[in-house]
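Next up, run00.cif (mmCIF, C-alpha atoms and all ligand atoms):
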data_structure
loop_
_atom_site.label_atom_id
_atom_site.label_comp_id
_atom_site.auth_asym_id
_atom_site.auth_seq_id
_atom_site.Cartn_x
_atom_site.Cartn_y
_atom_site.Cartn_z
CA MET R 1 66.51 119.10 101.83
CA ALA R 2 67.75 115.78 100.48
CA LEU R 3 68.08 112.70 102.64
CA HIS R 4 70.80 110.22 102.01
CA ILE R 5 69.76 106.63 102.64
CA SER R 6 72.91 105.73 104.47
CA GLN R 7 73.04 107.20 107.96
CA ARG R 8 76.81 107.26 107.78
CA CYS R 9 76.51 109.79 104.99
CA ASN R 10 74.73 112.55 106.83
CA ALA R 11 77.43 114.90 105.57
CA ALA R 12 75.79 114.71 102.20
CA LEU R 13 72.30 115.77 103.29
CA ALA R 14 72.59 119.09 101.58
CA GLN R 15 73.56 117.53 98.26
CA ALA R 16 70.03 117.30 96.87
CA GLY R 17 69.94 115.43 93.62
CA ARG R 18 73.62 114.55 93.72
CA GLN R 19 75.37 111.39 94.72
CA CYS R 20 77.33 111.47 97.97
CA PRO R 21 81.06 111.32 97.21
CA PHE R 22 81.67 109.26 100.37
CA CYS R 23 79.13 106.57 99.69
CA THR R 24 79.52 103.54 97.49
CA LEU R 25 75.82 102.65 97.61
CA GLY R 26 75.06 105.07 94.83
CA ALA R 27 71.48 105.74 95.89
CA PHE R 28 69.71 108.55 97.78
CA LEU R 29 66.36 110.15 98.37
CA THR R 30 66.04 113.34 96.50
CA ARG R 31 63.17 114.74 98.58
CA THR R 32 62.10 114.11 102.19
CA PRO R 33 58.31 113.90 102.28
CA GLY R 34 57.64 110.23 103.01
CA ALA R 35 58.40 109.47 99.40
CA VAL R 36 58.80 105.72 99.54
CA SER R 37 58.24 105.53 95.79
CA ASP R 38 61.37 107.62 95.23
CA VAL R 39 63.32 104.89 96.91
CA ALA R 40 61.31 101.95 95.71
CA LEU R 41 62.98 102.03 92.33
CA LYS R 42 66.28 101.29 94.02
CA THR R 43 65.19 98.55 96.46
CA PRO R 44 64.51 94.84 95.91
CA SER R 45 60.81 94.11 95.63
CA ASP R 46 60.70 91.97 98.78
CA SER R 47 61.71 94.98 100.86
CA LEU R 48 58.90 97.20 99.69
CA PRO R 49 56.03 95.90 101.83
CA ARG R 50 58.18 96.45 104.89
CA LEU R 51 59.10 99.96 103.83
CA ARG R 52 55.71 101.30 102.78
CA GLY R 53 54.20 103.71 105.23
CA GLN R 54 57.38 104.14 107.23
CA ARG R 55 58.77 107.57 107.91
CA PRO R 56 62.06 108.27 106.15
CA ALA R 57 64.08 108.23 109.37
CA ALA R 58 62.84 104.74 110.27
CA MET R 59 63.62 103.53 106.77
CA LEU R 60 67.22 104.59 106.67
CA PRO R 61 68.94 101.45 108.03
CA SER R 62 66.85 99.06 105.89
CA LEU R 63 67.36 101.20 102.84
CA ALA R 64 71.10 101.27 103.24
CA TYR R 65 71.08 97.47 103.52
CA SER R 66 68.73 97.07 100.57
CA ALA R 67 70.74 99.30 98.30
CA ALA R 68 73.91 97.32 99.09
CA ALA R 69 72.05 94.10 98.30
CA VAL R 70 70.87 95.53 94.98
CA ALA R 71 74.41 96.49 94.09
CA GLU R 72 75.53 92.92 94.75
CA ALA R 73 72.56 91.19 93.11
CA PRO R 74 74.00 90.69 89.62
CA VAL R 75 77.10 89.12 91.14
CA LEU R 76 75.16 86.82 93.45
CA GLN R 77 72.99 85.55 90.62
CA ARG R 78 75.93 83.77 89.03
CA GLN R 79 77.27 80.50 90.32
CA ALA R 80 80.60 81.17 91.99
CA SER R 81 82.31 78.29 90.23
CA THR R 82 81.20 79.52 86.81
CA MET R 83 82.48 82.96 87.65
CA PHE R 84 85.87 81.61 88.67
CA GLU R 85 86.08 79.63 85.46
CA GLU R 86 85.16 82.66 83.36
CA LEU R 87 87.55 84.87 85.23
CA GLU R 88 90.44 82.42 85.06
CA ARG R 89 89.95 82.19 81.30
CA GLU R 90 90.86 85.89 81.25
CA THR R 91 93.53 86.02 83.97
CA GLY R 92 95.05 82.53 84.02
CA GLN R 93 94.82 80.32 87.11
CA LEU R 94 94.28 82.19 90.39
CA SER R 95 96.87 81.27 92.97
CA THR R 96 95.89 80.23 96.50
CA ASN R 97 99.42 80.89 97.77
CA PRO R 98 99.87 83.71 100.32
CA MET R 99 100.23 87.04 98.50
CA VAL R 100 103.34 87.97 100.50
CA PRO R 101 106.15 85.78 101.83
CA ALA R 102 106.06 84.87 105.52
CA ALA R 103 107.50 87.70 107.59
CA ALA R 104 110.76 87.13 109.40
CA PRO R 105 110.38 86.99 113.20
CA LEU R 106 110.99 90.23 115.08
CA VAL R 107 114.02 90.66 117.29
CA VAL R 108 113.14 93.41 119.73
CA VAL R 109 115.75 94.99 121.95
CA LEU R 110 114.54 96.89 125.02
CA SER R 111 117.05 99.12 126.68
CA GLY R 112 117.16 102.14 128.95
CA PRO R 113 118.60 103.43 132.20
CA SER R 114 118.53 101.42 135.39
CA GLY R 115 115.22 101.80 137.20
CA VAL R 116 113.31 103.14 134.19
CA GLY R 117 110.97 100.16 134.18
CA LYS R 118 112.35 97.68 131.65
CA ASP R 119 111.49 94.65 133.77
CA ALA R 120 108.06 96.04 134.62
CA VAL R 121 107.36 96.58 130.89
CA ILE R 122 108.59 93.10 129.99
CA LYS R 123 106.43 91.46 132.66
CA ARG R 124 103.36 93.20 131.27
CA LEU R 125 104.25 92.34 127.67
CA GLN R 126 104.73 88.75 128.75
CA GLN R 127 101.26 88.66 130.26
CA GLN R 128 99.75 90.11 127.09
CA ASN R 129 101.72 88.07 124.51
CA ALA R 130 102.56 84.78 126.15
CA GLU R 131 101.96 82.94 122.87
CA ARG R 132 103.56 85.27 120.40
CA LEU R 133 106.65 86.77 122.04
CA LYS R 134 109.52 84.76 123.35
CA PHE R 135 111.47 86.56 126.06
CA VAL R 136 115.11 85.73 126.12
CA VAL R 137 116.09 85.72 129.74
CA THR R 138 119.33 87.56 130.46
CA ALA R 139 121.92 85.80 132.60
CA THR R 140 123.54 87.71 135.46
CA SER R 141 126.07 87.20 138.20
CA ARG R 142 124.29 89.62 140.52
CA PRO R 143 122.41 88.28 143.55
CA MET R 144 118.70 87.63 143.21
CA ARG R 145 116.45 90.43 144.50
CA THR R 146 113.45 89.69 146.69
CA GLY R 147 110.57 88.51 144.56
CA GLU R 148 112.73 87.56 141.57
CA VAL R 149 112.55 84.03 140.14
CA ASP R 150 115.53 82.23 138.61
CA GLY R 151 114.94 81.52 134.92
CA ILE R 152 112.04 83.98 134.73
CA ASP R 153 113.51 87.34 135.72
CA TYR R 154 117.12 86.36 135.04
CA VAL R 155 119.20 83.25 134.91
CA PHE R 156 121.26 83.70 138.09
CA VAL R 157 124.72 82.16 137.95
CA SER R 158 127.90 82.56 139.94
CA ARG R 159 130.65 84.90 138.79
CA GLN R 160 132.90 81.90 138.07
CA HIS R 161 130.18 80.26 135.97
CA PHE R 162 129.68 83.45 134.00
CA GLU R 163 133.40 83.84 133.34
CA GLN R 164 133.51 80.25 132.05
CA TRP R 165 130.71 81.10 129.59
CA ILE R 166 132.76 84.07 128.39
CA ARG R 167 135.81 81.86 127.83
CA ASP R 168 133.68 79.28 125.97
CA ASP R 169 132.09 82.00 123.79
CA GLU R 170 128.63 80.93 124.98
CA LEU R 171 127.20 84.46 125.12
CA VAL R 172 125.83 86.61 122.30
CA GLU R 173 126.82 89.67 124.26
CA HIS R 174 127.91 90.38 127.78
CA ALA R 175 128.87 93.40 129.78
CA LEU R 176 130.04 94.32 133.22
CA VAL R 177 127.24 96.52 134.53
CA TYR R 178 127.69 98.18 137.93
CA GLY R 179 130.29 95.54 138.80
CA GLU R 180 128.13 92.54 137.86
CA TYR R 181 128.06 90.51 134.66
CA LYS R 182 125.00 90.49 132.45
CA GLY R 183 124.71 88.69 129.15
CA ILE R 184 122.59 86.65 126.80
CA PRO R 185 123.31 82.96 126.23
CA ARG R 186 123.56 82.31 122.50
CA GLY R 187 121.36 79.20 122.57
CA HIS R 188 118.40 81.12 124.05
CA ILE R 189 118.14 83.38 120.99
CA THR R 190 118.77 80.76 118.35
CA SER R 191 116.20 78.31 119.76
CA ALA R 192 113.51 81.02 119.92
CA LEU R 193 114.21 82.21 116.38
CA ALA R 194 114.31 78.63 115.08
CA ALA R 195 110.79 78.16 116.49
CA GLY R 196 109.66 81.18 114.42
CA SER R 197 108.81 83.24 117.51
CA ASP R 198 109.31 86.94 117.84
CA VAL R 199 112.06 87.51 120.36
CA VAL R 200 112.45 90.22 122.99
CA LEU R 201 115.80 90.93 124.60
CA ARG R 202 116.53 93.18 127.52
CA VAL R 203 119.99 94.60 127.26
CA ASP R 204 121.96 97.50 128.56
CA ILE R 205 123.36 100.18 126.28
CA GLN R 206 126.59 98.28 125.69
CA GLY R 207 124.64 95.13 124.83
CA ALA R 208 122.34 97.03 122.47
CA ALA R 209 125.35 98.18 120.42
CA THR R 210 126.55 94.57 120.10
CA ILE R 211 123.11 93.26 119.07
CA MET R 212 122.84 96.10 116.55
CA ARG R 213 126.02 94.89 114.84
CA MET R 214 125.01 91.22 114.97
CA ILE R 215 121.36 91.55 113.96
CA PRO R 216 120.95 94.64 111.76
CA ASN R 217 117.17 94.06 111.47
CA ALA R 218 116.69 94.16 115.24
CA ILE R 219 114.21 96.75 116.49
CA LEU R 220 115.84 98.91 119.12
CA ILE R 221 113.56 100.58 121.63
CA PHE R 222 114.93 102.90 124.28
CA ILE R 223 112.77 103.49 127.35
CA VAL R 224 113.16 106.72 129.31
CA ALA R 225 111.41 108.29 132.27
CA GLU R 226 109.81 111.71 131.90
CA SER R 227 112.69 113.29 133.86
CA GLU R 228 115.84 112.42 135.80
CA ARG R 229 113.97 113.16 138.99
CA ALA R 230 111.19 110.70 138.14
CA LEU R 231 113.81 108.06 137.36
CA VAL R 232 115.58 108.49 140.70
CA GLN R 233 112.22 108.47 142.46
CA ARG R 234 111.65 104.96 141.05
CA LEU R 235 115.04 103.77 142.32
CA PHE R 236 114.20 105.20 145.77
CA ALA R 237 110.88 103.39 145.76
CA ARG R 238 112.41 100.10 144.58
CA LYS R 239 114.85 100.15 147.53
CA THR R 240 117.19 97.59 145.95
CA GLU R 241 120.38 99.69 145.87
CA PRO R 242 122.34 101.49 148.57
CA PHE R 243 122.61 105.27 148.22
CA ASP R 244 126.06 105.33 146.56
CA LYS R 245 124.85 102.90 143.83
CA MET R 246 121.83 105.10 143.23
CA VAL R 247 124.12 108.09 142.68
CA GLN R 248 126.14 106.03 140.21
CA ARG R 249 122.99 104.92 138.34
CA ALA R 250 121.65 108.47 138.12
CA GLN R 251 124.97 109.67 136.66
CA THR R 252 125.11 106.75 134.23
CA ALA R 253 121.54 107.42 133.10
CA ARG R 254 122.59 110.91 132.05
CA ASN R 255 125.39 109.50 129.86
CA GLU R 256 123.22 106.70 128.45
CA THR R 257 120.64 109.10 127.15
CA ALA R 258 123.31 110.47 124.81
CA HIS R 259 123.10 107.11 122.93
CA LEU R 260 119.42 107.59 122.22
CA PRO R 261 119.87 108.48 118.51
CA ASN R 262 121.26 104.96 117.90
CA PHE R 263 117.81 103.53 118.65
CA GLN R 264 114.88 103.53 116.22
CA TYR R 265 112.26 104.23 118.86
CA VAL R 266 112.05 106.00 122.20
CA VAL R 267 109.15 105.44 124.60
CA VAL R 268 108.57 107.55 127.70
CA ASN R 269 107.50 105.44 130.69
CA ARG R 270 105.62 108.09 132.68
CA GLU R 271 105.06 107.75 136.41
CA GLY R 272 101.88 105.77 136.98
CA HIS R 273 101.38 105.16 133.23
CA LEU R 274 102.98 101.76 132.72
CA GLU R 275 99.96 100.57 130.72
CA ASP R 276 100.38 103.44 128.22
CA THR R 277 104.06 102.58 127.83
CA VAL R 278 103.23 98.95 127.11
CA ALA R 279 100.50 100.01 124.64
CA GLU R 280 103.00 102.20 122.76
CA ILE R 281 105.46 99.33 122.53
CA GLN R 282 102.69 97.03 121.29
CA SER R 283 101.93 99.62 118.58
CA ILE R 284 105.56 99.63 117.51
CA LEU R 285 105.53 95.83 117.27
CA THR R 286 102.30 95.89 115.26
CA ALA R 287 103.74 98.44 112.82
CA GLU R 288 106.96 96.45 112.47
CA ARG R 289 105.00 93.26 111.75
CA CYS R 290 103.29 95.10 108.88
CA SER R 291 106.55 96.49 107.52
CA THR R 292 107.42 95.26 104.01
CA LYS R 293 111.05 94.92 105.06
CA ARG R 294 110.00 91.93 107.23
CA CYS R 295 108.77 90.09 104.11
CA TYR R 296 111.38 91.37 101.66
CA PRO R 297 114.44 91.99 103.88
CA SER R 298 116.96 92.06 101.02
CA GLU R 299 115.05 94.77 99.12
CA ALA R 300 114.62 97.11 102.11
N1 LIG C 1 105.41 103.81 134.87
C1 LIG C 1 105.83 103.55 136.10
N2 LIG C 1 105.35 104.29 137.11
C2 LIG C 1 105.74 104.03 138.39
N3 LIG C 1 106.60 103.06 138.76
C3 LIG C 1 107.11 102.30 137.77
C4 LIG C 1 106.76 102.49 136.41
N4 LIG C 1 107.43 101.60 135.68
C5 LIG C 1 108.17 100.86 136.54
N5 LIG C 1 107.99 101.27 137.80
C6 LIG C 1 108.63 100.78 139.03
O1 LIG C 1 109.96 101.32 139.00
C7 LIG C 1 110.87 100.40 139.61
C8 LIG C 1 111.98 100.11 138.60
O2 LIG C 1 111.45 99.34 137.54
P1 LIG C 1 112.25 98.08 136.95
O3 LIG C 1 112.86 97.27 138.03
O4 LIG C 1 111.33 97.42 135.99
O5 LIG C 1 113.39 98.89 136.18
P2 LIG C 1 114.56 98.34 135.25
O6 LIG C 1 114.69 99.30 134.13
O7 LIG C 1 114.31 96.91 134.91
O8 LIG C 1 115.81 98.49 136.24
P3 LIG C 1 117.24 97.72 136.24
O9 LIG C 1 117.88 97.99 134.91
O10 LIG C 1 117.98 98.36 137.37
O11 LIG C 1 116.96 96.26 136.49
C9 LIG C 1 110.07 99.16 139.98
O12 LIG C 1 109.75 99.26 141.34
C10 LIG C 1 108.83 99.28 139.11
O13 LIG C 1 107.72 98.63 139.69
#
Represent the supplied structure as structure tokens.
Amino acid sequence: MALHISQRCNAALAQAGRQCPFCTLGAFLTRTPGAVSDVALKTPSDSLPRLRGQRPAAMLPSLAYSAAAVAEAPVLQRQASTMFEELERETGQLSTNPMVPAAAPLVVVLSGPSGVGKDAVIKRLQQQNAERLKFVVTATSRPMRTGEVDGIDYVFVSRQHFEQWIRDDELVEHALVYGEYKGIPRGHITSALAAGSDVVLRVDIQGAATIMRMIPNAILIFIVAESERALVQRLFARKTEPFDKMVQRAQTARNETAHLPNFQYVVVNREGHLEDTVAEIQSILTAERCSTKRCYPSEA
């Protein structure tokens, strides 16, 4: 049997006398029996006293390290500055500029039926990304629920105040949702984007359609529950609506789900699995940050 010197390459143990295709170290023991000399040819001389007399298994980590060092030795022997000079004679001056342009900030739209958990998801995202994500607080004319904080959960304004905003064109989008106004003040988005922050908006289906038209690069994420029943269960547990409003919300949820294909992503917020939901959304944001269309929007 052959023993590969890198423990990560155990898959290649049977490849006696052949180099492991998965390993870049390019060295291996061809026979097992304590044959330090087989290896000695491929290790730096200062390692040998340490290795002599050791069993092959005990040698494996040091050998893997030594072989990597040997591979790098010719490179390390040169002065780095000389190398750069030599290399730049061939390639021209090496740039220290970033290799890709700075990515445009993300505009993330979270939407989904009433009671699905949008606010719960946003609170958790806020805790995890206080520095990186700017949450644009929606304004509403509805009364504050117990536990809500003005300016954090929503900006709570009177109906008259909201209608004045509409007349003054102060809102990016607004909608009458279950008899109450909801909308996003224009200045909240522009100031966050001007600061270079990624921005998260919470909007209802109608608002998502407006944002989609205004900001074509926006990332639209639709949150659903695992079933209608689970959704209604959450509304029951939240106890913030009378029964007739719950019926209305359950019916609306059914219609809203028909708009799902207009969104790029759908995330299922399963009962008791809020953390998984938030993790999935974080994965979407990570992938979007790596997308080339963020650096080269006009070519995407
Ligand atoms: N994964 C989950 N499992 C169990 N309960 C959840 C989960 N996600 C959210 N909830 C709870 O469900 C209720 C509704 O959530 P939330 O208020 O965040 O919904 P929403 O989508 O913001 O609703 P609305 O649009 O009506 O404001 C809350 O009591 C919340 O704590």
message: Calculated over only C-alpha atoms, which of the candidates R:Asp198, R:Glu88, R:Asp153, R:Glu241 has the smallest distance to Ala120 of chain R?
response: R:Asp153
message: To check your reading of the model: which residues sit at most 8 Å from ligand LIG 1 (chain C) when counting all atoms listed in the file? Write the answer as a list in words.
response: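 Sorted by chain and then by number, the residues are Ser111, Gly112, Pro113, Ser114, Gly115, Val116, Gly117, Lys118, Asp119, Ala120, Val121, Ile122, Asp204, Ala225, Leu231, Arg234, Leu235, Ala237, Arg238, Asn269, Arg270, Glu271, Gly272, His273, Leu274, Glu275 and Thr277 of chain R.
For Val109 of chain R, the set of protein, DNA and RNA residues having any atom at most 8 Å away, when counting all atoms listed in the file and skipping those fewer than 4 positions along the same chain, is Val200, Leu201, Arg202, Val203, Ala208, Ala218, Ile219, Leu220 and Ile221 of chain R.
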- request: Using all atoms listed in the file, pick whichever of R:Ile189, R:Ala209, R:Val199, R:Ile284 has the shortest atom-to-atom distance to Lys134 of chain R.
  value: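 Using all atoms listed in the file, the shortest distance to Lys134 of chain R belongs to R:Val199.
Nearest residue to Tyr265 of chain R among R:Ser191, R:Pro297, R:Lys239, R:Ile223 is R:Ile223, counting all atoms listed in the file.
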Please write out, as AutoDock Vina command-line options, where the centre of an axis-aligned box around all listed atoms of segment 98-103 of chain R lies and how long its edges are, in Å to one decimal, after adding 3 Å on each side.
--center_x 103.7 --center_y 85.8 --center_z 103.0 --size_x 13.6 --size_y 10.3 --size_z 15.1
